[in-house]
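Shown below: entry_2.cif, with mmCIF, C-alpha atoms.
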```cif
data_query
loop_
_atom_site.label_atom_id
_atom_site.label_comp_id
_atom_site.auth_asym_id
_atom_site.auth_seq_id
_atom_site.Cartn_x
_atom_site.Cartn_y
_atom_site.Cartn_z
CA GLY A 71 -6.76 3.78 23.76
CA PRO A 72 -9.81 1.53 24.10
CA LEU A 73 -10.33 -1.50 21.89
CA ARG A 74 -12.72 -0.75 19.02
CA THR A 75 -14.90 -3.20 17.10
CA PHE A 76 -16.20 -2.25 13.66
CA HIS A 77 -19.53 -4.02 13.12
CA ASP A 78 -21.08 -4.95 9.79
CA VAL A 79 -17.81 -4.64 7.91
CA HIS A 80 -19.29 -7.07 5.37
CA ASP A 81 -22.57 -8.50 4.24
CA VAL A 82 -23.40 -11.98 5.46
CA MET A 83 -22.12 -13.57 2.23
CA ASP A 84 -19.01 -11.38 2.05
CA LYS A 85 -17.07 -11.73 5.30
CA GLN A 86 -13.40 -11.72 4.37
CA VAL A 87 -11.39 -8.53 4.96
CA CYS A 88 -8.79 -8.22 2.17
CA SER A 89 -7.05 -5.00 3.19
CA VAL A 90 -7.17 -2.33 5.89
CA VAL A 91 -5.59 1.15 5.92
CA VAL A 92 -5.77 3.95 8.48
CA SER A 93 -5.53 7.70 7.91
CA GLY A 94 -5.95 10.13 10.80
CA ASN A 95 -9.26 9.41 12.51
CA TYR A 96 -10.56 7.03 9.84
CA LEU A 97 -10.16 3.35 8.98
CA PHE A 98 -10.85 1.88 5.53
CA SER A 99 -11.68 -1.83 5.17
CA ALA A 100 -11.92 -3.73 1.91
CA SER A 101 -14.12 -6.76 1.50
CA HIS A 102 -14.51 -8.63 -1.78
CA ASN A 103 -16.77 -6.06 -3.44
CA THR A 104 -16.94 -3.03 -1.13
CA VAL A 105 -14.69 -0.61 0.72
CA LYS A 106 -16.10 0.99 3.87
CA MET A 107 -14.83 4.05 5.71
CA TRP A 108 -15.18 4.09 9.51
CA ALA A 109 -14.75 6.77 12.17
CA ILE A 110 -12.25 5.32 14.64
CA ASP A 111 -13.49 7.25 17.68
CA ASP A 112 -17.01 5.80 17.68
CA SER A 113 -16.81 2.93 15.12
CA THR A 114 -19.54 4.39 12.91
CA LYS A 115 -19.61 3.87 9.15
CA VAL A 116 -19.02 7.14 7.30
CA GLN A 117 -18.86 6.15 3.64
CA SER A 118 -19.17 3.13 1.32
CA PHE A 119 -17.45 2.64 -2.03
CA ASN A 120 -19.02 0.20 -4.49
CA THR A 121 -15.69 -0.91 -5.88
CA GLY A 122 -16.24 -4.42 -7.13
CA ALA A 123 -13.44 -6.89 -6.43
CA VAL A 124 -10.63 -5.37 -4.30
CA SER A 125 -7.35 -6.84 -3.08
CA LEU A 126 -5.28 -3.80 -2.00
CA LEU A 127 -5.85 -0.23 -0.77
CA ALA A 128 -3.85 3.00 -0.59
CA LEU A 129 -4.66 6.55 0.53
CA SER A 130 -3.30 9.90 -0.61
CA GLY A 131 -4.82 13.24 0.36
CA GLU A 132 -8.51 13.17 -0.52
CA SER A 133 -8.22 10.05 -2.70
CA LEU A 134 -8.65 6.35 -2.10
CA PHE A 135 -6.95 3.91 -4.50
CA THR A 136 -8.18 0.33 -4.94
CA CYS A 137 -6.59 -2.57 -6.81
CA SER A 138 -8.15 -5.55 -8.52
CA ARG A 139 -5.59 -7.68 -10.37
CA ASN A 140 -4.03 -5.20 -12.86
CA LYS A 141 -6.69 -2.49 -12.51
CA VAL A 142 -6.19 0.55 -10.24
CA THR A 143 -9.11 2.87 -9.49
CA GLN A 144 -9.08 6.28 -7.81
CA TRP A 145 -12.06 7.34 -5.67
CA SER A 146 -13.08 10.58 -3.99
CA ILE A 147 -13.12 10.01 -0.23
CA GLU A 148 -15.60 12.85 0.25
CA THR A 149 -18.23 11.74 -2.28
CA GLY A 150 -17.46 8.06 -2.87
CA ASN A 151 -17.40 8.68 -6.63
CA MET A 152 -14.90 7.12 -9.02
CA LEU A 153 -12.39 9.66 -10.36
CA ASN A 154 -10.00 7.70 -12.56
CA THR A 155 -8.92 4.21 -13.54
CA PHE A 156 -5.87 2.73 -15.25
CA THR A 157 -4.19 -0.64 -15.77
CA THR A 158 -0.69 -1.93 -15.02
CA PRO A 159 1.37 -4.43 -17.06
CA GLY A 160 0.69 -7.20 -14.51
CA ASP A 161 -1.28 -8.00 -11.35
CA VAL A 162 -0.52 -5.48 -8.59
CA GLN A 163 1.39 -7.06 -5.69
CA GLY A 164 1.92 -3.85 -3.72
CA ILE A 165 0.56 -0.30 -3.72
CA ALA A 166 1.44 2.82 -1.76
CA ALA A 167 0.86 6.55 -2.08
CA ASP A 168 2.49 9.67 -0.67
CA ALA A 169 3.11 13.32 -1.57
CA GLY A 170 0.85 13.21 -4.62
CA PHE A 171 2.43 10.11 -6.17
CA LEU A 172 1.17 6.52 -6.52
CA PHE A 173 3.55 3.55 -6.45
CA THR A 174 2.60 0.11 -7.80
CA ALA A 175 4.57 -3.13 -7.93
CA HIS A 176 3.01 -5.63 -10.27
CA GLY A 177 4.54 -9.10 -9.94
CA SER A 178 7.84 -8.12 -11.49
CA SER A 179 11.04 -6.31 -10.63
CA THR A 180 9.66 -2.84 -11.34
CA ILE A 181 7.85 -0.22 -9.29
CA GLU A 182 5.89 2.22 -11.43
CA VAL A 183 5.56 5.77 -10.10
CA ARG A 184 2.53 7.77 -11.31
CA ASP A 185 0.98 11.08 -10.46
CA GLU A 186 -2.56 11.07 -9.08
CA ALA A 187 -3.96 11.48 -12.59
CA GLY A 188 -2.46 8.08 -13.41
CA GLU A 189 0.26 9.45 -15.69
CA HIS A 190 3.57 7.61 -15.61
CA VAL A 191 6.38 9.62 -13.96
CA THR A 192 9.26 7.17 -13.57
CA SER A 193 10.14 3.54 -12.82
CA LEU A 194 12.27 2.05 -10.03
CA GLU A 195 14.04 -1.14 -11.10
CA HIS A 196 15.08 -4.11 -8.98
CA LYS A 197 16.78 -7.44 -9.67
CA CYS A 198 14.03 -9.69 -8.28
CA ASP A 199 10.23 -9.92 -7.98
CA ILE A 200 8.83 -7.26 -5.64
CA LEU A 201 6.23 -8.50 -3.14
CA SER A 202 5.59 -5.42 -0.98
CA ILE A 203 6.25 -1.69 -1.03
CA ALA A 204 5.98 1.36 1.23
CA VAL A 205 6.69 5.06 0.71
CA LEU A 206 7.42 8.01 2.98
CA GLN A 207 8.43 11.50 1.90
CA ASP A 208 11.05 11.09 -0.87
CA HIS A 209 11.77 7.41 -0.25
CA ALA A 210 10.34 4.11 -1.43
CA VAL A 211 11.21 0.70 0.01
CA ALA A 212 10.58 -2.70 -1.55
CA GLY A 213 10.49 -6.18 -0.05
CA CYS A 214 11.48 -8.87 -2.51
CA ALA A 215 11.12 -12.58 -3.16
CA ASP A 216 14.87 -13.17 -2.73
CA GLY A 217 14.79 -11.80 0.84
CA THR A 218 16.37 -8.45 0.02
CA VAL A 219 15.11 -5.02 1.08
CA THR A 220 15.86 -2.09 -1.23
CA LEU A 221 15.48 1.62 -0.49
CA TRP A 222 15.25 4.27 -3.23
CA SER A 223 15.42 8.02 -3.31
CA VAL A 224 12.51 8.82 -5.60
CA ALA A 225 13.98 12.17 -6.64
CA THR A 226 17.35 10.80 -7.77
CA GLY A 227 16.60 7.12 -8.43
CA ASP A 228 19.56 6.12 -6.24
CA LYS A 229 19.05 2.79 -4.48
CA ARG A 230 20.78 0.56 -1.97
CA ASP A 231 20.10 -2.79 -0.35
CA LEU A 232 19.56 -2.81 3.42
CA THR A 233 20.81 -5.55 5.72
CA VAL A 234 20.74 -6.32 9.42
CA ASP A 235 23.86 -8.03 10.81
CA GLY A 236 24.45 -9.52 7.36
CA ALA A 237 21.21 -11.52 7.17
CA LEU A 238 17.51 -11.06 7.86
CA GLN A 239 15.76 -13.61 10.03
CA THR A 240 12.24 -15.01 9.72
CA GLY A 241 9.74 -12.78 11.55
CA VAL A 242 9.72 -8.99 11.94
CA THR A 243 12.94 -6.95 11.94
CA ILE A 244 13.44 -3.18 12.18
CA ILE A 245 16.35 -1.72 10.20
CA HIS A 246 17.58 1.82 10.84
CA ASP A 247 18.95 3.46 7.72
CA SER A 248 21.60 5.97 8.77
CA VAL A 249 21.54 7.80 5.42
CA SER A 250 17.82 8.64 5.25
CA GLN A 251 17.31 8.41 9.05
CA LEU A 252 14.27 6.20 8.44
CA ASP A 253 13.29 3.00 10.23
CA VAL A 254 12.28 0.14 7.94
CA SER A 255 10.06 -2.60 9.41
CA VAL A 256 10.45 -5.89 7.55
CA ALA A 257 8.40 -9.09 7.80
CA LEU A 258 9.66 -12.36 6.31
CA ASP A 259 7.77 -15.58 5.73
CA ALA A 260 9.07 -19.10 6.30
CA GLU A 261 10.70 -19.07 2.85
CA LYS A 262 12.60 -15.85 3.74
CA GLN A 263 10.59 -13.77 1.27
CA VAL A 264 9.94 -10.18 2.35
CA VAL A 265 6.15 -10.12 2.42
CA SER A 266 5.62 -6.78 4.20
CA VAL A 267 7.57 -3.54 4.65
CA ALA A 268 6.82 -0.22 6.35
CA LEU A 269 8.65 3.11 6.75
CA SER A 270 8.67 5.41 9.78
CA LEU A 271 10.66 8.39 11.04
#
```

Take the structure in this file and express it as structure tokens.
Amino acid sequence: GPLRTFHDVHDVMDKQVCSVVVSGNYLFSASHNTVKMWAIDDSTKVQSFNTGAVSLLALSGESLFTCSRNKVTQWSIETGNMLNTFTTPGDVQGIAADAGFLFTAHGSSTIEVRDEAGEHVTSLEHKCDILSIAVLQDHAVAGCADGTVTLWSVATGDKRDLTVDGALQTGVTIIHDSVSQLDVSVALDAEKQVVSVALSL
């Protein structure tokens, strides 16, 4: 489709985009103190959320989730009002949401799984610091500081490490998991840390 430009994403003194997520026909952009919702087809601003400091975003159903250090806040996409807030044991390094559940990794080897009311459901444990997470259907994937990629079944808690020809290389790699039939996109930095992951069918 045509290239779109979203004007006035920030105020003059607040130009840095910290996070962007897309859902259907809408794009959400986070600056330092505000999240804005844009219609992709005509680049018009639909909604603003006065969030304060924001570093990460996630979407689930009719809710927007924002992170600032160890604080997670839930917002109504329709009204822009705050619905809920809770804290995590450490600063959030990754956040994802799907099927009514919220997943947060907070600078440790644990992913916390919560329902949309913020109540703890379960935890997914790993052997190393988790830097990025993604979820799809019943699966969660984590990218870690030691270069490993781990995939969990959320329902059972079963996990396994994923590899590509025995070793991941710096850059972006796509791994096909024959068990779940999911494709895992993995991005590594120069130190071979997995800094970004994504799941697709």

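One distance worth recording is that between atom CA of A:Ala123 and atom CA of A:Asp168, which is 23.7 Å.
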
- Residues returned when the PyMOL selection byres ((chain A and resi 175) around 6) runs on this file, as number ranges by chain: A: 162-164, 174, 176, 181

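With all atoms listed in the file taken into account, the protein and nucleic acid residues at most 9 Å from A:Thr104 (excluding it and anything under 5 positions from it in its own chain) are A:His80, A:Ser99, A:Ser118, A:Phe119, A:Asn120, A:Thr121, A:Gly122, A:Ala123, A:Val124.
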
- Could you tell me which residues the PyMOL selection byres ((chain A and resi 204-214) around 10) grabs in this file, written as an MDAnalysis selection string? chainID A and resid 164:169 171:175 178:181 194 196:203 215:232 250 252 254:258 262:271

How would the residues just chosen look if you wrote them out with C-alpha atoms as a CSV table (one decimal), in the frame of the given file?
```csv
chain,number,residue,atom,x,y,z
A,164,GLY,CA,1.9,-3.8,-3.7
A,165,ILE,CA,0.6,-0.3,-3.7
A,166,ALA,CA,1.4,2.8,-1.8
A,167,ALA,CA,0.9,6.6,-2.1
A,168,ASP,CA,2.5,9.7,-0.7
A,169,ALA,CA,3.1,13.3,-1.6
A,171,PHE,CA,2.4,10.1,-6.2
A,172,LEU,CA,1.2,6.5,-6.5
A,173,PHE,CA,3.6,3.6,-6.4
A,174,THR,CA,2.6,0.1,-7.8
A,175,ALA,CA,4.6,-3.1,-7.9
A,178,SER,CA,7.8,-8.1,-11.5
A,179,SER,CA,11.0,-6.3,-10.6
A,180,THR,CA,9.7,-2.8,-11.3
A,181,ILE,CA,7.8,-0.2,-9.3
A,194,LEU,CA,12.3,2.0,-10.0
A,196,HIS,CA,15.1,-4.1,-9.0
A,197,LYS,CA,16.8,-7.4,-9.7
A,198,CYS,CA,14.0,-9.7,-8.3
A,199,ASP,CA,10.2,-9.9,-8.0
A,200,ILE,CA,8.8,-7.3,-5.6
A,201,LEU,CA,6.2,-8.5,-3.1
A,202,SER,CA,5.6,-5.4,-1.0
A,203,ILE,CA,6.2,-1.7,-1.0
A,215,ALA,CA,11.1,-12.6,-3.2
A,216,ASP,CA,14.9,-13.2,-2.7
A,217,GLY,CA,14.8,-11.8,0.8
A,218,THR,CA,16.4,-8.4,0.0
A,219,VAL,CA,15.1,-5.0,1.1
A,220,THR,CA,15.9,-2.1,-1.2
A,221,LEU,CA,15.5,1.6,-0.5
A,222,TRP,CA,15.2,4.3,-3.2
A,223,SER,CA,15.4,8.0,-3.3
A,224,VAL,CA,12.5,8.8,-5.6
A,225,ALA,CA,14.0,12.2,-6.6
A,226,THR,CA,17.4,10.8,-7.8
A,227,GLY,CA,16.6,7.1,-8.4
A,228,ASP,CA,19.6,6.1,-6.2
A,229,LYS,CA,19.0,2.8,-4.5
A,230,ARG,CA,20.8,0.6,-2.0
A,231,ASP,CA,20.1,-2.8,-0.4
A,232,LEU,CA,19.6,-2.8,3.4
A,250,SER,CA,17.8,8.6,5.2
A,252,LEU,CA,14.3,6.2,8.4
A,254,VAL,CA,12.3,0.1,7.9
A,255,SER,CA,10.1,-2.6,9.4
A,256,VAL,CA,10.4,-5.9,7.6
A,257,ALA,CA,8.4,-9.1,7.8
A,258,LEU,CA,9.7,-12.4,6.3
A,262,LYS,CA,12.6,-15.8,3.7
A,263,GLN,CA,10.6,-13.8,1.3
A,264,VAL,CA,9.9,-10.2,2.4
A,265,VAL,CA,6.2,-10.1,2.4
A,266,SER,CA,5.6,-6.8,4.2
A,267,VAL,CA,7.6,-3.5,4.6
A,268,ALA,CA,6.8,-0.2,6.4
A,269,LEU,CA,8.6,3.1,6.8
A,270,SER,CA,8.7,5.4,9.8
A,271,LEU,CA,10.7,8.4,11.0
```

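We find atom CA of A:Ala100 and atom CA of A:Ser125 to be spaced 7.4 Å apart.
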
- Task: Skip A:Glu186 itself and residues of its chain fewer than 4 positions away, then list as a PyMOL selection string all residues within 12 Å of it, counting all atoms listed in the file.
- Result: chain A and resi 128-135+142-146+153-156+166-173+190-191

- Query: From the set A:Gln117, A:Asp259, A:Ser101, A:Gly150, which residue has the shortest atom-to-atom contact distance to A:Thr243, counting only C-alpha atoms?
  - Reply: A:Asp259

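As for atom CA of A:Glu182 and atom CA of A:Glu195, they are spaced 8.8 Å apart.
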
- Query: On this structure, which residues satisfy the PyMOL selection byres ((chain A and resi 92) around 12), written as a ChimeraX atom specification?
  - Reply: /A:89-91,93-100,106-110,127-130,134

Taking the structure I provided as the source, export stretch 100-135 of chain A with N, CA, C and O atoms, as a short mmCIF file (atom, residue, chain, number, x, y, z; two decimals), in the first residue's frame.
```cif
data_model
loop_
_atom_site.label_atom_id
_atom_site.label_comp_id
_atom_site.auth_asym_id
_atom_site.auth_seq_id
_atom_site.Cartn_x
_atom_site.Cartn_y
_atom_site.Cartn_z
N ALA A 100 4.00 5.77 21.08
CA ALA A 100 4.30 6.27 22.43
C ALA A 100 5.46 7.24 22.36
O ALA A 100 6.54 6.91 21.86
N SER A 101 5.22 8.44 22.86
CA SER A 101 6.31 9.39 23.09
C SER A 101 6.64 9.33 24.58
O SER A 101 6.22 8.41 25.27
N HIS A 102 7.34 10.30 25.09
CA HIS A 102 7.78 10.24 26.48
C HIS A 102 6.60 10.32 27.45
O HIS A 102 6.58 9.66 28.48
N ASN A 103 5.60 11.11 27.13
CA ASN A 103 4.51 11.33 28.08
C ASN A 103 3.11 11.06 27.52
O ASN A 103 2.12 11.22 28.24
N THR A 104 3.02 10.68 26.25
CA THR A 104 1.71 10.52 25.61
C THR A 104 1.71 9.34 24.65
O THR A 104 2.71 9.07 24.00
N VAL A 105 0.58 8.65 24.59
CA VAL A 105 0.34 7.66 23.55
C VAL A 105 -0.76 8.20 22.64
O VAL A 105 -1.79 8.68 23.11
N LYS A 106 -0.54 8.11 21.33
CA LYS A 106 -1.54 8.58 20.37
C LYS A 106 -1.97 7.43 19.47
O LYS A 106 -1.16 6.57 19.09
N MET A 107 -3.25 7.41 19.16
CA MET A 107 -3.86 6.39 18.31
C MET A 107 -4.18 7.03 16.96
O MET A 107 -4.80 8.09 16.90
N TRP A 108 -3.73 6.37 15.88
CA TRP A 108 -3.87 6.92 14.53
C TRP A 108 -4.65 5.95 13.64
O TRP A 108 -4.48 4.73 13.74
N ALA A 109 -5.48 6.50 12.76
CA ALA A 109 -6.11 5.70 11.71
C ALA A 109 -5.10 5.53 10.58
O ALA A 109 -4.58 6.52 10.04
N ILE A 110 -4.79 4.29 10.23
CA ILE A 110 -3.76 4.04 9.23
C ILE A 110 -4.19 4.49 7.84
O ILE A 110 -3.37 4.99 7.06
N ASP A 111 -5.48 4.38 7.51
CA ASP A 111 -5.90 4.67 6.14
C ASP A 111 -5.75 6.14 5.75
O ASP A 111 -5.43 6.45 4.60
N ASP A 112 -5.94 7.06 6.71
CA ASP A 112 -5.83 8.47 6.36
C ASP A 112 -4.90 9.27 7.28
O ASP A 112 -4.81 10.49 7.19
N SER A 113 -4.19 8.57 8.19
CA SER A 113 -3.17 9.17 9.07
C SER A 113 -3.74 10.20 10.04
O SER A 113 -3.00 11.07 10.53
N THR A 114 -5.03 10.12 10.34
CA THR A 114 -5.61 11.07 11.29
C THR A 114 -5.50 10.54 12.71
O THR A 114 -5.55 9.33 12.96
N LYS A 115 -5.35 11.47 13.66
CA LYS A 115 -5.29 11.11 15.07
C LYS A 115 -6.70 10.84 15.58
O LYS A 115 -7.61 11.65 15.42
N VAL A 116 -6.88 9.70 16.23
CA VAL A 116 -8.19 9.28 16.71
C VAL A 116 -8.34 9.50 18.21
O VAL A 116 -9.40 9.90 18.69
N GLN A 117 -7.27 9.24 18.96
CA GLN A 117 -7.35 9.28 20.42
C GLN A 117 -5.99 9.61 21.00
O GLN A 117 -4.95 9.29 20.41
N SER A 118 -5.97 10.27 22.16
CA SER A 118 -4.74 10.52 22.91
C SER A 118 -4.89 9.99 24.32
O SER A 118 -5.98 10.07 24.91
N PHE A 119 -3.81 9.44 24.86
CA PHE A 119 -3.79 8.91 26.22
C PHE A 119 -2.72 9.66 26.99
O PHE A 119 -1.54 9.64 26.61
N ASN A 120 -3.12 10.35 28.05
CA ASN A 120 -2.17 11.11 28.86
C ASN A 120 -1.55 10.17 29.89
O ASN A 120 -1.94 10.09 31.04
N THR A 121 -0.53 9.46 29.43
CA THR A 121 0.01 8.33 30.18
C THR A 121 1.14 8.68 31.14
O THR A 121 1.45 7.90 32.02
N GLY A 122 1.77 9.82 30.96
CA GLY A 122 3.04 10.03 31.65
C GLY A 122 4.12 9.25 30.93
O GLY A 122 3.96 8.85 29.78
N ALA A 123 5.23 9.03 31.60
CA ALA A 123 6.37 8.35 30.98
C ALA A 123 5.98 6.96 30.50
O ALA A 123 5.32 6.20 31.21
N VAL A 124 6.37 6.61 29.27
CA VAL A 124 6.06 5.31 28.66
C VAL A 124 7.29 4.78 27.95
O VAL A 124 8.00 5.53 27.26
N SER A 125 7.56 3.48 28.12
CA SER A 125 8.66 2.86 27.40
C SER A 125 8.21 1.72 26.49
O SER A 125 8.85 1.44 25.48
N LEU A 126 7.09 1.04 26.83
CA LEU A 126 6.62 -0.10 26.06
C LEU A 126 5.10 -0.09 25.97
O LEU A 126 4.41 0.43 26.86
N LEU A 127 4.58 -0.70 24.89
CA LEU A 127 3.14 -0.78 24.66
C LEU A 127 2.73 -2.21 24.34
O LEU A 127 3.51 -2.98 23.78
N ALA A 128 1.47 -2.55 24.67
CA ALA A 128 0.86 -3.81 24.23
C ALA A 128 -0.63 -3.58 24.08
O ALA A 128 -1.21 -2.72 24.74
N LEU A 129 -1.26 -4.37 23.20
CA LEU A 129 -2.69 -4.27 22.95
C LEU A 129 -3.35 -5.62 23.16
O LEU A 129 -2.78 -6.66 22.83
N SER A 130 -4.57 -5.59 23.71
CA SER A 130 -5.37 -6.81 23.84
C SER A 130 -6.83 -6.42 23.84
O SER A 130 -7.29 -5.72 24.75
N GLY A 131 -7.57 -6.86 22.82
CA GLY A 131 -8.99 -6.54 22.74
C GLY A 131 -9.22 -5.04 22.73
O GLY A 131 -8.68 -4.33 21.88
N GLU A 132 -9.98 -4.55 23.69
CA GLU A 132 -10.29 -3.13 23.77
C GLU A 132 -9.40 -2.39 24.75
O GLU A 132 -9.70 -1.26 25.16
N SER A 133 -8.27 -3.00 25.12
CA SER A 133 -7.37 -2.40 26.11
C SER A 133 -5.99 -2.11 25.54
O SER A 133 -5.46 -2.88 24.73
N LEU A 134 -5.44 -1.00 25.98
CA LEU A 134 -4.05 -0.63 25.73
C LEU A 134 -3.29 -0.75 27.05
O LEU A 134 -3.77 -0.30 28.09
N PHE A 135 -2.10 -1.36 27.02
CA PHE A 135 -1.25 -1.47 28.20
C PHE A 135 0.02 -0.67 27.97
O PHE A 135 0.66 -0.80 26.92
#
```
